[in-house]
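Participant: Take a look at this one; I'll ask things after.
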Amino acid sequence: MTAARILIVDDNTLNVQLAAYVLRQAAYTVDAILDSRDAMARVETFRPHLILMDIQMPEIGGLELMQQIKAQPTLCHIPVVAFTAYAMQGDQDKLLAAGCDGYLSKPIDVAVFAAQVQGFLDAAAKAALAPPPSDPP
């Protein structure tokens with residue numbers, strides 16, 4: 001079985017380096033992009049199993065970029081997890097309502113970070129196996 005591919009989209013180099021290191025130690029294949037303007041091209045070429053998306057980035061914000069990904073029929077199945085320093089009460093609900101598939105706050109807890117990411121991958125795999133909802137008679 002091949003390692004799951006994780007794409008980190010974040011403009012903070014230190015956040016990217018730490019998250020990538022922890023995930024690589026857990027045997028994931030990791031790529032990262034610091035410039036949100038180039039993120040769509042990277043998503044299309046890397047074809048990640050999961051995207052960790054910073055919400056506040058210059059140029060294109062994380063929510064806008066997530067909506068662009070979800071609008072593409074060939075990419076919309078990729079889970080996008082908000083990866084943000086927003087830690088205010090209610091922010092998680094707002095990000096999920098906006099279309100994010102999950103939420104991870106920064107700074108990360110290195111002891112549980114890889115397990116949290118695996119939880120999102122497991123949830124996405126389970127959702128992909130679920131039968132589509134049936135139409136009411």
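Lettering and numbering for the structure tokens are positional, with chains as A, B, ... in the shown order, residues counted from 1 in each chain, and ligands counted from 1 in the shown order.
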Report the closest atom pair, with its distance in Å rounded to one decimal, for each residue of region 99-120 of chain A that has an atom no farther than 10 Å from region 43-66 of chain A; count only C-alpha atoms, sort by chain and then rising residue number, and write it as a Markdown table.

Facilitator:
| residue | atom | partner | partner_atom | distance |
| --- | --- | --- | --- | --- |
| A:Gly99 | CA | A:Met66 | CA | 7.8 |
| A:Cys100 | CA | A:Met66 | CA | 7.3 |
| A:Asp101 | CA | A:Ile51 | CA | 9.7 |
| A:Gly102 | CA | A:Leu52 | CA | 9.2 |
| A:Tyr103 | CA | A:Leu52 | CA | 8.9 |
| A:Leu104 | CA | A:Leu52 | CA | 8.4 |
| A:Ser105 | CA | A:Asp54 | CA | 9.7 |
| A:Lys106 | CA | A:Asp54 | CA | 9.5 |
| A:Val117 | CA | A:Leu50 | CA | 8.4 |
| A:Gln118 | CA | A:Leu50 | CA | 9.6 |
| A:Phe120 | CA | A:Leu50 | CA | 8.0 |

Participant: Can you list every residue in chain A that DSSP puts in strand (DSSP E or B), as a ChimeraX atom specification?

Facilitator: /A:5-9,29-33,50-53,80-84,102-105

Participant: Please provide the set of residues having any atom within 8 Å of region 21-26 of chain A, restricted to only C-alpha atoms, with same-chain residues fewer than 3 positions apart removed, written as a list in words.

Facilitator: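 That gives Gln17, Leu18, Thr29, Val30, Val110, Phe113 and Ala114 of chain A.
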
Participant: Print the selection's residues with N, CA and C atoms to a file, as a PDB file, in the first residue's frame.

Facilitator:
ATOM      1  N   GLN A  17       7.287  23.463   7.738  1.00  0.00           N
ATOM      2  CA  GLN A  17       8.405  22.582   8.061  1.00  0.00           C
ATOM      3  C   GLN A  17       8.059  21.631   9.205  1.00  0.00           C
ATOM      4  N   LEU A  18       7.442  22.148  10.261  1.00  0.00           N
ATOM      5  CA  LEU A  18       7.095  21.304  11.395  1.00  0.00           C
ATOM      6  C   LEU A  18       6.038  20.279  11.011  1.00  0.00           C
ATOM      7  N   THR A  29       3.551  10.798   2.469  1.00  0.00           N
ATOM      8  CA  THR A  29       4.239  11.544   1.428  1.00  0.00           C
ATOM      9  C   THR A  29       3.700  12.969   1.499  1.00  0.00           C
ATOM     10  N   VAL A  30       4.600  13.922   1.678  1.00  0.00           N
ATOM     11  CA  VAL A  30       4.179  15.298   1.932  1.00  0.00           C
ATOM     12  C   VAL A  30       4.769  16.233   0.883  1.00  0.00           C
ATOM     13  N   VAL A 110       2.479  17.999  18.334  1.00  0.00           N
ATOM     14  CA  VAL A 110       3.230  16.987  17.574  1.00  0.00           C
ATOM     15  C   VAL A 110       2.936  15.567  18.046  1.00  0.00           C
ATOM     16  N   PHE A 113      -0.664  14.980  16.143  1.00  0.00           N
ATOM     17  CA  PHE A 113      -0.939  15.562  14.829  1.00  0.00           C
ATOM     18  C   PHE A 113      -1.127  14.507  13.737  1.00  0.00           C
ATOM     19  N   ALA A 114      -0.220  13.556  13.635  1.00  0.00           N
ATOM     20  CA  ALA A 114      -0.326  12.527  12.589  1.00  0.00           C
ATOM     21  C   ALA A 114      -1.597  11.698  12.770  1.00  0.00           C
TER      22      ALA A 114
END

Participant: Enter the distance from CA of Asn15 (chain A) to CA of Ile69 (chain A), in Å, rounded to one decimal.

Facilitator: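 Separation between CA of Asn15 (chain A) and CA of Ile69 (chain A): 22.1 Å.
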
Participant: Enter the distance from CA of Ala127 (chain A) to CA of Ala115 (chain A), in Å, rounded to one decimal.

Facilitator: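 Those two atoms sit 18.2 Å apart.
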
Participant: I need the residue nearest Thr2 (chain A) from this list: A:Ala27, A:Val80, A:Ala111, A:Ala85. Use only C-alpha atoms for the distance.

Facilitator: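 Looking at the shortest contact to Thr2 (chain A), the residue is A:Ala27.
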
Participant: So which residues of region 4-137 of chain A fall under alpha helix (DSSP H) by DSSP, listed as number ranges by chain?

Facilitator: A: 13-25, 39-46, 62-70, 91-97, 113-129

Participant: Pick from A:Val81, A:Asp91, A:Lys70, A:Ala98: nearest to Gly119 (chain A), with only C-alpha atoms counted?

Facilitator: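 Of A:Val81, A:Asp91, A:Lys70, A:Ala98, the one nearest Gly119 (chain A), counting only C-alpha atoms, is A:Val81.
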
Participant: Rounded to one decimal in Å, what is the spacing between CA of Asp122 (chain A) and CA of Ala4 (chain A)?

Facilitator: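 Between these atoms lies a distance of 10.9 Å.
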